[in-house]
Structures are given as structure tokens and as C-alpha cells.
Amino acid sequence: MDNFGFLFAANAFVWGGIIYYVYTLKQRSRELERDLELLKETLNRESR
Amino acid sequence: MNQETTEESNEESYILVWLTGIVFLVAMAAIFLFVPTEQTEGPVQRIMYIHIPSAWLSFFAFFIVFICSILFLWKKEREWDIYAHASAEIGVIFCSLVLITGPIWAKPIWGTWWVWDARLTSTLILWLIYVAYLMLRAQTEAGSMRARYAAVLGIVGFLNIPFIHFSVLWWRTFHPQPKVISSEGFGKGMETSMLVTLGISLCAFTLLYFLLMGQRIRQEKLKDEIDRLKREQLYSS
Amino acid sequence: MNLYLNQIAAIVWKDFVTELKTRELLSAMFIFALLVILIFIFSINLSIVKASEVGPGILWVAFLFAGTIGLNRSFMLEKENGCLMGLMLVPADRTAIYFGKLISNLIFLSIMELFILPLFMIFFNIDLLSHLGPLLVVVFLGTLGFCALGTLLSSLSSNLKTREIMLPILLYPLLIPIIIGAVRMTGQILDGTELFDMMKWIGLTASFDIIYIGVSIMTIDHILEE
Amino acid sequence: MESLENAIEVRHLRKAFGTLKAVDGIDFELKQGEFLTVFGPNGAGKTTLIKILSGLTQPSSGTAKVAGFDVAEGHPEMRKEIGVISHSTALYADLTPLENLMFFARMHGLEQPEDKALKVIGEVGLSPRRNDRVRTFSRGMLQRLSIARAILHDPAILFLDEPFTGLDLHAANVLKEHLQRLHDSSRTILMTTHDISCGLEMCDKVALQVQGKFAFLENISDVDKDRFESMYFDAVRDNQFAMGISL
């Protein structure tokens, strides 16, 4: 019953997958937030 | 826009993050420390505690796509379109994880990576349907057409599940049924400790779904907000 | 009701007149189906596998591929010059448009299949004539399911930039139950099984047909909107 | 017949999806027999307005009544009262004019479709070519045939979406003649166009649509043509400037 390797591989894929997805989500969110701030700033400057 | 509500929802999402984290830690402890090793399959059987919850999560996500698609066609509100999109994406990701962990589990137990087992085959078809759904979304311009088409596909795709289930089941009836997830349902021939562990893991994955949904929805709304501001800026100048 | 049926008939009539003039659709589908069968014959060794075992699968793959060409072509006609918009401007219910296209697709596909079946019989040296009745029932059930879903999805994909690619990507996974059912039933019929002995497959395909026609009726309004 | 006095009645009409607003609060009414021309730059939502009024797409909010029918209900009967001409001809290229029009006559549920089809083909002067394939037709002939398609069922209301686009001078004149005739036979007409001279020539009312709103709506008698022209070009320039950045 030496199948620890498979157990490890499955876990690696699942956790790797989840963590990678969360990471890309965060990255994307941060980009969007930055864009939003930038837009708001320019809008404010223009309206003044 | 409203400062107070965003702060409030931020607080809520922090609670959700912590809760999810803690439940996951408990689930991990249960999977690797608490639950006894299964007699015939050995340690590899512990894959079940992430395999089944992933499968559950993706089916649940696809169900949400179905519900949101119906609600969208009924109400025609962008809100439901966002929910359906977010849920489909999360569903596809966990469906992929099921398709990866399935063969890894199958190899040591059945001796091959892939058997055309009814459940694995159905999952593969389901994965293809929702990848097509995401492709359809990616290839159309944002707007009411994309939302309507996606909603139709979300409904058509989910209604296909019973047909896939029965056709694939009758297609190959002779292969060995996996012992732990026998067709009589979960739990037959499973010990209480295993059921408890599975339950905790299911909880953890469900919480994760809501956490990811929250993030994904917030993102889409940010995108919409950016689009709106861009247009405003263009017209005001 | 009379007007409704008349409108459906008008759409079918229009597709037929177009086909009689251009002769593009049927010939393309037929030749394509024939090519698919030929390629399969070259890629399998008929001296090892029994023709009656692989035959049904090959037959349905040919129908499926050729049918997809038909569906694509059928809605391209409607998109050219914005004819679909013209159809939506007449006092016809959207479901009449769906049924009109469904019926004309069904008829074109059936004609193509009727031409392919004798060739299939000759190439694979299988006796179809003794099971002709049940075989036609099965072919009809499968083709109806294909057309029910195919008409809905091709009306959807016709508005996409990449319609030729997206139609099969959207359609094929959803059609898998119909394909499995049709191939199984065709195989059993060639083995001499009676229709009554495969009621579960017939039930599956028939309910697939009914449910997807129903879903199309309910959702076609949302697809046929500019 | 009370409801028919206003052939078109639009109240707070909006078509929006998410943050996109194609039509953003339009109000107007059109009496039977009136001719309204809607000017506006690209992307102002003129086509969307016509699509809503002809029942091709649903409004998000507000009401629009066309020939007494609420467009949101999508009643097929409403479409008996309207004819639409746009830059896509909606004609089957492999059929002849006669077959095309017979098909549409049958779809409209008209009695004796062949006679009706022959009659309108005569009206637009295409009788000699009634049995040629539409594919072989020039742009001008296609436009005439699509007029024939639109008036086949004798609608009380006509929508024209950029009918002059892609027409040569001769074809444009023929189209104008037809429009004049249709207008004289007291049909309600709503036309969108870029072409200022063509548009101002025939209409009773003028509107200018910018960013989904009517910036301007007057009777033709109250419009100073030169002032209108400069106003229109201001609107176009602003809009193009905006579009230029977004691209």
C-alpha cells in the first residue's frame, strides 16, 4: 500500500489550483481597484 | 459608492475569510490526522475527502448558474447575469479539479488513469458544456445579447444533466463500481469517522464557494463601475 | 392557428425553393457524410472488427458532422442581408420561426440520411432492409433531437463572430445523450432486437426530443431579439 | 379609433443594460400621417430606438405605444401595422423578388400573396426583373425591393433606419420620391439619417438624438435650417471626440 505519492499529487493539484485561482482573483481585483482610483482622480480633477 | 455599505460588506467578507480558513484547517486535521486509513485502498483513499467536495461544489455551482439564468431571463437584470457568470467560472475550476483528482485516485485502485466510469464520464461532459458556456461569454461583446445567450445555454446545459447521467450509466454498466461511492449513495459501507470528515470537508468547500463568489461578483461590479466612469469621463470632457 | 401553420409552411417552402435553386446544402451534406464514412473505413481494419459493431457509430458520426454543416448553412442564409430581422418583423410568433426552421432542417437531414443509408448498407455489407421499420424510427428520433437542439443553438451561434466553430463546441456536449442512445439503438436493431426490448433508450431519446423542443419554445424569444 | 390619433406615443423610454445606455429617457408623440426625422451621430441610439419601436428588442423601462399596442408586450398584431426599411435589406439573395415578396406576404397572412407581391413590385418599378435572382441586383434596386417588402402589407406606420446609406444619387432620388408618395398617402413615418438635406426636405418634425436622449425636437416650421446644421455638427464632433478616446 505504497501510494502516498498519488495522495500527495492529488492534494498538490487541488491546493495548487485553489491557491492559484485565489491569487489571480486578488491580482485582478487589485488591478481593477487601481484603475477605478485612477479614473475617479482624473474625474475629480476635471470637474474642479 | 456608498462608503458605509462597502465597509460593512468588507467586514462580512473578513468574517467569511476567517471562517473558511478555520473550517479548512479543521478539515485538514480531520483528513490527515483524525480519520483512520481505509483498509483495502490505503492512504490514497484520503483523496476522497477533497474529490467528493470538489465535485459537490461544481455541481452546486452549475445549479446556481441554472437558477440565475432563469432569473435573468425573467427579470433581465444584470445582477443575475453576473452571478451566473461567476458561478460558472468557479464551477469549471472545481470540475477541472475533479477531473484531475479522479484519475489520480483511479490509477492505484483500478490500475488505469482513466476508466469510462459513469461518474467520471458525466463529469467530463459537464465540464465540456460549461467550458463552452465560458467560451460563449468570452467571444461575445458585453451586453444584453451575451447575457441572454449565456442564460439560455445555462438552462439548456443544466437540463442536460439527467440525460447525460442515464445515457452514460446505461452505456457502460459492466465496469466495477467504486466501493466507497456506491450508487446507493454516500455512506453505505462507510464508517462514522469517515462520514464526519467528509461532512467537514464539504462544509469547508461550500464556504470556499461563497467566498470566491463574493470576490468574483465584486470584481464584475468593479468592472461595470469602471466602464460607467470611463463613459462619464468621455462625455464630460 | 391557421395563420401559424401557414407561416411555418411558408418558411419551409422558402427553404426548399432556395435549395432547389442553389443545390448547395443537400449535396454538401451528402458528400461530407460520405467522406466521413470513407475516412472511417480507411482508419479501421474491417477484417478485425465486425462491421455491425462499428457501423452504427460511424453512421451517426457521419450524420452528426453533416448535420452540423446543414445547421450552419441554414442559419447563414437567414443572417445574410439581415433576413432574420425581416422574419422577426412579420406578425409571426417567434416559435413559428423556430418550428419552421426546425422542420426544414429535419427534412433536409432526413433526405440526406435516406441517401446515406443504402450506401452504408453496401459499404459495410450489413442487411438493413430486414430491420428497416425500427431503424427508421430510431433514425427519426435521433435526428429530431439533433434538430431540436441544433436549431436553437444555431440561431444563437449565428450571431457570433466565430459561428462555424462555436456551433459544434456548444452543440456536441449537449448531444452526447442522443448520440449514445441513437448508436446503441441502431446497434441493437442490427442485432435483431425488437423496439419493445429497448424501451429505456427510446424513452430517453423521446423525452430528450420533447424537453428540448419545450425549452426552445420557452427561450427562443430571448434569442431572437436584436 | 381614439388611440390611433397618436400613431406613436413614447414616454420616458429607456434601454439600458448594466452601465450601457443606448436609449436614455425619450419622450415624443407622432400623430397619424406625421413624418419625424431623427438626426444623430453614430452610436446615439437611433437604431436602438427604431428596434424598440418595431418590437425587435425590449425597452428596459418606460412605455412606447405604436398603433395602440404596447411594444413591451410584443404582440404580433402590432407588426401588421408597421413596415421597416433599414440598411440591411432582409431579402433572400437566392430567391427572386416575386418569391421573396410572396414569402413575406404569406408570413403576413395576406390573401392572394402572388397578386399582392406583383402589385408592389410594379409600384417600385421592378416588374421586368421580378424573376431574376436578388443576388444580381444593384444596391439601388435592392433598396427599392426592400421598400416593396416594407409596404407589402400596407402598414400605417413606417420606420426607416438610415435608408440613404450606400445609395447613389439616382437611387436616393427614387427613394425620396417613394417616401414622398408614402407620406402623401398619410402614413406615419419615422426616419433616422445623417443626411441633413434629405432629412429636412420632407419631414414635419425634426429631432436630434445624442447619447440616447433627444437634444432637440421641433416642428419643421420652427426650425432654422442653418442653426440646425451647426447644432448637428457640434453634436457629431463632441460625439466623435468621445468615441476617439474610447477606441
# chains A, B, ... in the order shown; residues from 1 in each chain; ligands from 1
call {"tool": "interface_residues", "arguments": {"of": "chain A", "to": "chain B", "cutoff": "8 Å", "atoms": "only C-alpha atoms", "output": "mmCIF file with C-alpha atoms, in the first residue's frame"}}
result
data_model
loop_
_atom_site.group_PDB
_atom_site.id
_atom_site.type_symbol
_atom_site.label_atom_id
_atom_site.label_comp_id
_atom_site.auth_asym_id
_atom_site.auth_seq_id
_atom_site.Cartn_x
_atom_site.Cartn_y
_atom_site.Cartn_z
ATOM 1 C CA MET A 1 0.000 0.000 0.000
ATOM 2 C CA ASP A 2 2.645 2.418 -1.031
ATOM 3 C CA ASN A 3 0.534 5.042 -2.743
ATOM 4 C CA PHE A 4 1.348 8.147 -0.763
ATOM 5 C CA PHE A 6 -0.822 9.664 -5.513
ATOM 6 C CA LEU A 7 -2.326 11.172 -2.395
ATOM 7 C CA ALA A 9 -0.202 14.571 -6.174
ATOM 8 C CA ALA A 10 -3.964 14.901 -5.823
ATOM 9 C CA ASN A 11 -3.614 17.259 -2.893
ATOM 10 C CA PHE A 13 -3.228 19.763 -7.668
ATOM 11 C CA VAL A 14 -6.264 20.739 -5.630
ATOM 12 C CA GLY A 17 -5.327 25.053 -8.164
ATOM 13 C CA VAL A 22 -7.392 32.935 -5.434
ATOM 14 C CA LEU A 25 -8.512 36.800 -8.369
ATOM 15 C CA ARG A 28 -7.211 41.129 -10.925
ATOM 16 C CA SER A 29 -9.117 42.835 -8.119
ATOM 17 C CA LEU A 32 -9.360 46.925 -11.143
ATOM 18 C CA GLU A 33 -9.266 48.884 -7.927
ATOM 19 C CA ASP A 35 -7.971 51.601 -12.419
ATOM 20 C CA LEU A 36 -11.014 52.767 -10.532
ATOM 21 C CA LEU A 39 -10.428 57.192 -13.042
ATOM 22 C CA LYS A 40 -12.002 58.770 -10.001
ATOM 23 C CA LEU A 43 -12.731 62.785 -12.970
ATOM 24 C CA GLU A 46 -11.547 67.611 -14.363
#
call {"tool": "closest_atom_pairs", "arguments": {"of": "chain D", "to": "chain C", "cutoff": "7 Å", "atoms": "only C-alpha atoms", "output": "JSON lines"}}
result
{"residue": "D:Leu56", "atom": "CA", "partner": "C:Glu225", "partner_atom": "CA", "distance": 5.6}
{"residue": "D:Thr57", "atom": "CA", "partner": "C:Glu225", "partner_atom": "CA", "distance": 5.3}
{"residue": "D:Pro76", "atom": "CA", "partner": "C:Pro91", "partner_atom": "CA", "distance": 4.4}
{"residue": "D:Glu77", "atom": "CA", "partner": "C:Pro91", "partner_atom": "CA", "distance": 5.9}
{"residue": "D:Arg79", "atom": "CA", "partner": "C:Pro91", "partner_atom": "CA", "distance": 5.0}
{"residue": "D:Lys80", "atom": "CA", "partner": "C:Pro91", "partner_atom": "CA", "distance": 5.8}
{"residue": "D:Ser88", "atom": "CA", "partner": "C:Asn81", "partner_atom": "CA", "distance": 5.2}
{"residue": "D:Thr89", "atom": "CA", "partner": "C:Asn81", "partner_atom": "CA", "distance": 5.5}
{"residue": "D:Ala90", "atom": "CA", "partner": "C:Cys83", "partner_atom": "CA", "distance": 3.9}
{"residue": "D:Leu91", "atom": "CA", "partner": "C:Cys83", "partner_atom": "CA", "distance": 5.7}
{"residue": "D:Tyr92", "atom": "CA", "partner": "C:Cys83", "partner_atom": "CA", "distance": 6.6}
{"residue": "D:Asp94", "atom": "CA", "partner": "C:Thr18", "partner_atom": "CA", "distance": 6.0}
{"residue": "D:Leu95", "atom": "CA", "partner": "C:Thr18", "partner_atom": "CA", "distance": 6.2}
{"residue": "D:Phe103", "atom": "CA", "partner": "C:Ala10", "partner_atom": "CA", "distance": 6.2}
{"residue": "D:Arg106", "atom": "CA", "partner": "C:Ala10", "partner_atom": "CA", "distance": 6.4}
{"residue": "D:Met107", "atom": "CA", "partner": "C:Gln7", "partner_atom": "CA", "distance": 5.0}
{"residue": "D:His108", "atom": "CA", "partner": "C:Val90", "partner_atom": "CA", "distance": 5.8}
{"residue": "D:Gly109", "atom": "CA", "partner": "C:Leu3", "partner_atom": "CA", "distance": 6.1}
call {"tool": "interface_residues", "arguments": {"of": "chain C", "to": "chain B", "cutoff": "6 Å", "atoms": "only C-alpha atoms", "output": "MDAnalysis selection string"}}
result
chainID C and resid 170 173 177
call {"tool": "closest_atom_pairs", "arguments": {"of": "chain B", "to": "chain D", "cutoff": "7 Å", "atoms": "only C-alpha atoms", "output": "Markdown table"}}
result
| residue | atom | partner | partner_atom | distance |
| --- | --- | --- | --- | --- |
| B:Arg78 | CA | D:Gly18 | CA | 5.5 |
| B:Gly143 | CA | D:Phe17 | CA | 6.3 |
| B:Ser144 | CA | D:Phe17 | CA | 6.0 |
| B:Asp224 | CA | D:Thr19 | CA | 6.3 |
| B:Arg228 | CA | D:Thr19 | CA | 5.5 |
| B:Leu234 | CA | D:Ala242 | CA | 5.0 |
| B:Tyr235 | CA | D:Ala242 | CA | 6.1 |
call {"tool": "residues_around", "arguments": {"residues": "C:Val138", "least_positions_apart": "5", "cutoff": "8 Å", "atoms": "only C-alpha atoms", "output": "tab-separated table (two decimals) with all heavy atoms, in the first residue's frame"}}
result
chain	number	residue	atom	x	y	z
C	182	ALA	N	-28.76	6.87	-29.77
C	182	ALA	CA	-29.00	6.50	-31.16
C	182	ALA	C	-28.06	5.38	-31.61
C	182	ALA	O	-28.49	4.43	-32.27
C	182	ALA	CB	-28.82	7.73	-32.06
C	185	MET	N	-29.12	2.08	-29.94
C	185	MET	CA	-30.35	1.53	-30.52
C	185	MET	C	-30.10	0.98	-31.91
C	185	MET	O	-30.56	-0.11	-32.25
C	185	MET	CB	-31.43	2.62	-30.56
C	185	MET	CG	-32.05	2.90	-29.21
C	185	MET	SD	-33.54	3.87	-29.35
C	185	MET	CE	-32.90	5.47	-29.73
C	186	THR	N	-29.34	1.73	-32.71
C	186	THR	CA	-29.06	1.25	-34.06
C	186	THR	C	-28.31	-0.08	-34.00
C	186	THR	O	-28.63	-1.02	-34.74
C	186	THR	CB	-28.22	2.29	-34.83
C	186	THR	OG1	-28.82	3.57	-34.65
C	186	THR	CG2	-28.17	1.98	-36.29
C	202	ILE	N	-35.47	4.30	-25.99
C	202	ILE	CA	-36.47	5.06	-26.73
C	202	ILE	C	-37.05	6.13	-25.83
C	202	ILE	O	-37.23	7.29	-26.25
C	202	ILE	CB	-37.57	4.12	-27.26
C	202	ILE	CG1	-36.99	3.27	-28.38
C	202	ILE	CG2	-38.77	4.92	-27.78
C	202	ILE	CD1	-37.95	2.31	-28.99
call {"tool": "residues_around", "arguments": {"residues": "B:Phe72", "least_positions_apart": "3", "cutoff": "9 Å", "atoms": "only C-alpha atoms", "output": "ChimeraX atom specification"}}
result
/B:67-69,75-81,84,147-148,151
call {"tool": "atom_distance", "arguments": {"atom1": "atom CA of D:Glu162", "atom2": "atom CA of D:Phe28"}}
result
19.9 Å
call {"tool": "atom_distance", "arguments": {"atom1": "atom CA of D:Cys203", "atom2": "atom CA of D:His12"}}
result
23.3 Å
call {"tool": "residues_around", "arguments": {"residues": "C:Ile37", "least_positions_apart": "6", "cutoff": "12 Å", "atoms": "only C-alpha atoms", "output": "list in words"}}
result
Phe30, Ile31, Ser43, Ile44, Val54, Gly55, Pro56, Gly57, Ile58, Leu59, Trp60, Val61, Ala62, Phe63, Leu64, Phe65, Ala66, Ile116, Leu117, Leu119, Phe120, Met121, Ile122, Phe123 and Phe124 of chain C
call {"tool": "write_last_selection", "arguments": {"atoms": "N, CA and C atoms", "output": "compact mmCIF listing (two decimals), in the first residue's frame"}}
result
# COMPACT_ATOMS: atom_id res chain seq x y z
N PHE C 30 -24.43 15.58 -48.18
CA PHE C 30 -24.30 14.19 -48.62
C PHE C 30 -22.84 13.82 -48.86
N ILE C 31 -22.14 14.67 -49.60
CA ILE C 31 -20.74 14.37 -49.90
C ILE C 31 -19.93 14.32 -48.61
N SER C 43 -9.69 4.09 -41.69
CA SER C 43 -8.95 4.16 -40.43
C SER C 43 -9.22 2.96 -39.53
N ILE C 44 -10.17 2.13 -39.84
CA ILE C 44 -10.33 0.89 -39.07
C ILE C 44 -10.11 -0.30 -39.97
N VAL C 54 -19.04 -1.63 -35.36
CA VAL C 54 -18.59 -0.24 -35.50
C VAL C 54 -19.50 0.57 -36.41
N GLY C 55 -20.27 -0.13 -37.23
CA GLY C 55 -21.11 0.54 -38.22
C GLY C 55 -22.01 1.62 -37.66
N PRO C 56 -22.84 1.29 -36.65
CA PRO C 56 -23.77 2.30 -36.15
C PRO C 56 -23.08 3.57 -35.69
N GLY C 57 -21.95 3.42 -35.02
CA GLY C 57 -21.22 4.60 -34.56
C GLY C 57 -20.78 5.46 -35.71
N ILE C 58 -20.20 4.82 -36.73
CA ILE C 58 -19.71 5.57 -37.89
C ILE C 58 -20.87 6.27 -38.59
N LEU C 59 -21.98 5.54 -38.71
CA LEU C 59 -23.15 6.11 -39.36
C LEU C 59 -23.58 7.39 -38.66
N TRP C 60 -23.64 7.35 -37.33
CA TRP C 60 -24.13 8.51 -36.59
C TRP C 60 -23.11 9.64 -36.56
N VAL C 61 -21.85 9.29 -36.55
CA VAL C 61 -20.85 10.37 -36.64
C VAL C 61 -21.01 11.10 -37.97
N ALA C 62 -21.24 10.33 -39.04
CA ALA C 62 -21.44 10.96 -40.35
C ALA C 62 -22.67 11.85 -40.33
N PHE C 63 -23.76 11.35 -39.77
CA PHE C 63 -24.99 12.17 -39.69
C PHE C 63 -24.73 13.44 -38.89
N LEU C 64 -24.02 13.28 -37.79
CA LEU C 64 -23.79 14.41 -36.89
C LEU C 64 -22.96 15.49 -37.57
N PHE C 65 -21.85 15.08 -38.20
CA PHE C 65 -20.98 16.07 -38.84
C PHE C 65 -21.70 16.75 -40.00
N ALA C 66 -22.34 15.93 -40.83
CA ALA C 66 -23.03 16.51 -41.99
C ALA C 66 -24.17 17.40 -41.52
N ILE C 116 -27.80 8.27 -47.58
CA ILE C 116 -26.61 7.66 -47.00
C ILE C 116 -26.86 6.19 -46.61
N LEU C 117 -28.06 5.91 -46.12
CA LEU C 117 -28.33 4.56 -45.61
C LEU C 117 -28.04 3.44 -46.63
N LEU C 119 -25.98 3.45 -49.12
CA LEU C 119 -24.52 3.38 -49.32
C LEU C 119 -23.87 2.69 -48.13
N PHE C 120 -24.35 3.04 -46.96
CA PHE C 120 -23.85 2.42 -45.74
C PHE C 120 -24.04 0.90 -45.80
N MET C 121 -25.23 0.52 -46.27
CA MET C 121 -25.55 -0.90 -46.37
C MET C 121 -24.56 -1.62 -47.29
N ILE C 122 -24.24 -0.96 -48.38
CA ILE C 122 -23.35 -1.59 -49.36
C ILE C 122 -21.91 -1.64 -48.82
N PHE C 123 -21.44 -0.50 -48.32
CA PHE C 123 -20.05 -0.42 -47.86
C PHE C 123 -19.76 -1.38 -46.73
N PHE C 124 -20.69 -1.48 -45.80
CA PHE C 124 -20.44 -2.30 -44.62
C PHE C 124 -21.02 -3.70 -44.74
call {"tool": "atom_distance", "arguments": {"atom1": "atom CA of B:Leu33", "atom2": "atom CA of A:Phe8"}}
result
14.9 Å
call {"tool": "select_by_dssp", "arguments": {"residues": "chain C", "states": "alpha helix (DSSP H)", "output": "PyMOL selection string"}}
result
chain C and resi 2-22+25-43+51-79+83-89+94-124+132-157+163-190+199-223
call {"tool": "residues_around", "arguments": {"residues": "C:Ile107", "least_positions_apart": "4", "cutoff": "10 Å", "atoms": "only C-alpha atoms", "output": "number ranges by chain"}}
result
C: 12, 16, 101-103, 111-113, 143-144, 147
call {"tool": "write_last_selection", "arguments": {"atoms": "C-alpha atoms", "output": "PDB file, in the first residue's frame"}}
result
ATOM      1  CA  VAL C  12     -40.251  25.518 -45.059  1.00  0.00           C
ATOM      2  CA  PHE C  16     -36.999  24.393 -50.241  1.00  0.00           C
ATOM      3  CA  LYS C 101     -36.505  26.196 -39.271  1.00  0.00           C
ATOM      4  CA  LEU C 102     -36.746  23.004 -37.219  1.00  0.00           C
ATOM      5  CA  ILE C 103     -38.954  21.316 -39.782  1.00  0.00           C
ATOM      6  CA  ILE C 111     -33.288  13.323 -47.084  1.00  0.00           C
ATOM      7  CA  MET C 112     -29.514  13.225 -46.653  1.00  0.00           C
ATOM      8  CA  GLU C 113     -29.852  10.222 -44.331  1.00  0.00           C
ATOM      9  CA  THR C 143     -32.439  13.306 -35.922  1.00  0.00           C
ATOM     10  CA  LEU C 144     -35.348  15.080 -34.237  1.00  0.00           C
ATOM     11  CA  CYS C 147     -32.530  19.268 -34.927  1.00  0.00           C
TER      12      CYS C 147
END
call {"tool": "residues_around", "arguments": {"residues": "stretch 67-70 of chain D", "least_positions_apart": "6", "cutoff": "12 Å", "atoms": "only C-alpha atoms", "output": "count of residues only"}}
result
37
call {"tool": "decode", "arguments": {"residues": "stretch 17-87 of chain C", "atoms": "C-alpha atoms", "output": "mmCIF file, in the first residue's frame"}}
result
data_model
loop_
_atom_site.group_PDB
_atom_site.id
_atom_site.type_symbol
_atom_site.label_atom_id
_atom_site.label_comp_id
_atom_site.auth_asym_id
_atom_site.auth_seq_id
_atom_site.Cartn_x
_atom_site.Cartn_y
_atom_site.Cartn_z
ATOM 1 C CA VAL C 17 -37.196 26.889 -53.084
ATOM 2 C CA THR C 18 -33.766 28.198 -52.111
ATOM 3 C CA GLU C 19 -32.364 24.698 -52.012
ATOM 4 C CA LEU C 20 -33.887 23.776 -55.377
ATOM 5 C CA LYS C 21 -32.152 26.800 -56.912
ATOM 6 C CA THR C 22 -28.767 26.578 -55.290
ATOM 7 C CA ARG C 23 -28.500 22.826 -54.628
ATOM 8 C CA GLU C 24 -25.759 23.697 -52.168
ATOM 9 C CA LEU C 25 -26.994 22.258 -48.915
ATOM 10 C CA LEU C 26 -28.031 18.706 -49.723
ATOM 11 C CA SER C 27 -25.095 17.978 -51.985
ATOM 12 C CA ALA C 28 -22.633 19.376 -49.442
ATOM 13 C CA MET C 29 -24.142 17.384 -46.591
ATOM 14 C CA PHE C 30 -24.305 14.193 -48.621
ATOM 15 C CA ILE C 31 -20.736 14.367 -49.899
ATOM 16 C CA PHE C 32 -19.457 15.270 -46.463
ATOM 17 C CA ALA C 33 -21.270 12.364 -44.819
ATOM 18 C CA LEU C 34 -19.920 10.047 -47.482
ATOM 19 C CA LEU C 35 -16.382 11.291 -46.869
ATOM 20 C CA VAL C 36 -16.711 10.754 -43.129
ATOM 21 C CA ILE C 37 -17.784 7.170 -43.702
ATOM 22 C CA LEU C 38 -14.923 6.592 -46.134
ATOM 23 C CA ILE C 39 -12.353 8.003 -43.739
ATOM 24 C CA PHE C 40 -13.610 5.719 -41.022
ATOM 25 C CA ILE C 41 -13.422 2.736 -43.345
ATOM 26 C CA PHE C 42 -9.786 3.563 -44.069
ATOM 27 C CA SER C 43 -8.952 4.160 -40.431
ATOM 28 C CA ILE C 44 -10.331 0.895 -39.066
ATOM 29 C CA ASN C 45 -9.478 -2.582 -40.134
ATOM 30 C CA LEU C 46 -12.724 -4.227 -41.149
ATOM 31 C CA SER C 47 -11.122 -7.663 -41.174
ATOM 32 C CA ILE C 48 -10.566 -7.435 -37.415
ATOM 33 C CA VAL C 49 -13.650 -5.594 -36.146
ATOM 34 C CA LYS C 50 -17.123 -6.685 -37.007
ATOM 35 C CA ALA C 51 -18.808 -4.219 -39.346
ATOM 36 C CA SER C 52 -22.092 -4.407 -37.450
ATOM 37 C CA GLU C 53 -20.309 -3.380 -34.264
ATOM 38 C CA VAL C 54 -18.590 -0.242 -35.504
ATOM 39 C CA GLY C 55 -21.112 0.541 -38.223
ATOM 40 C CA PRO C 56 -23.773 2.302 -36.150
ATOM 41 C CA GLY C 57 -21.225 4.600 -34.557
ATOM 42 C CA ILE C 58 -19.712 5.566 -37.888
ATOM 43 C CA LEU C 59 -23.146 6.111 -39.363
ATOM 44 C CA TRP C 60 -24.135 8.508 -36.590
ATOM 45 C CA VAL C 61 -20.847 10.370 -36.640
ATOM 46 C CA ALA C 62 -21.436 10.957 -40.347
ATOM 47 C CA PHE C 63 -24.987 12.166 -39.686
ATOM 48 C CA LEU C 64 -23.788 14.411 -36.886
ATOM 49 C CA PHE C 65 -20.981 16.069 -38.840
ATOM 50 C CA ALA C 66 -23.025 16.507 -41.986
ATOM 51 C CA GLY C 67 -25.952 17.775 -39.942
ATOM 52 C CA THR C 68 -23.774 20.415 -38.349
ATOM 53 C CA ILE C 69 -22.850 21.695 -41.789
ATOM 54 C CA GLY C 70 -26.531 21.828 -42.627
ATOM 55 C CA LEU C 71 -27.390 23.783 -39.490
ATOM 56 C CA ASN C 72 -24.622 26.300 -40.050
ATOM 57 C CA ARG C 73 -25.649 26.818 -43.631
ATOM 58 C CA SER C 74 -29.316 27.067 -42.774
ATOM 59 C CA PHE C 75 -28.867 29.972 -40.395
ATOM 60 C CA MET C 76 -26.259 31.651 -42.545
ATOM 61 C CA LEU C 77 -28.995 32.058 -45.144
ATOM 62 C CA GLU C 78 -31.071 33.846 -42.553
ATOM 63 C CA LYS C 79 -28.243 36.114 -41.442
ATOM 64 C CA GLU C 80 -27.296 37.173 -44.950
ATOM 65 C CA ASN C 81 -28.881 40.567 -45.706
ATOM 66 C CA GLY C 82 -30.461 40.556 -42.248
ATOM 67 C CA CYS C 83 -33.263 38.206 -43.280
ATOM 68 C CA LEU C 84 -33.715 37.021 -39.731
ATOM 69 C CA MET C 85 -34.625 40.570 -38.789
ATOM 70 C CA GLY C 86 -37.130 40.573 -41.620
ATOM 71 C CA LEU C 87 -38.638 37.382 -40.227
#
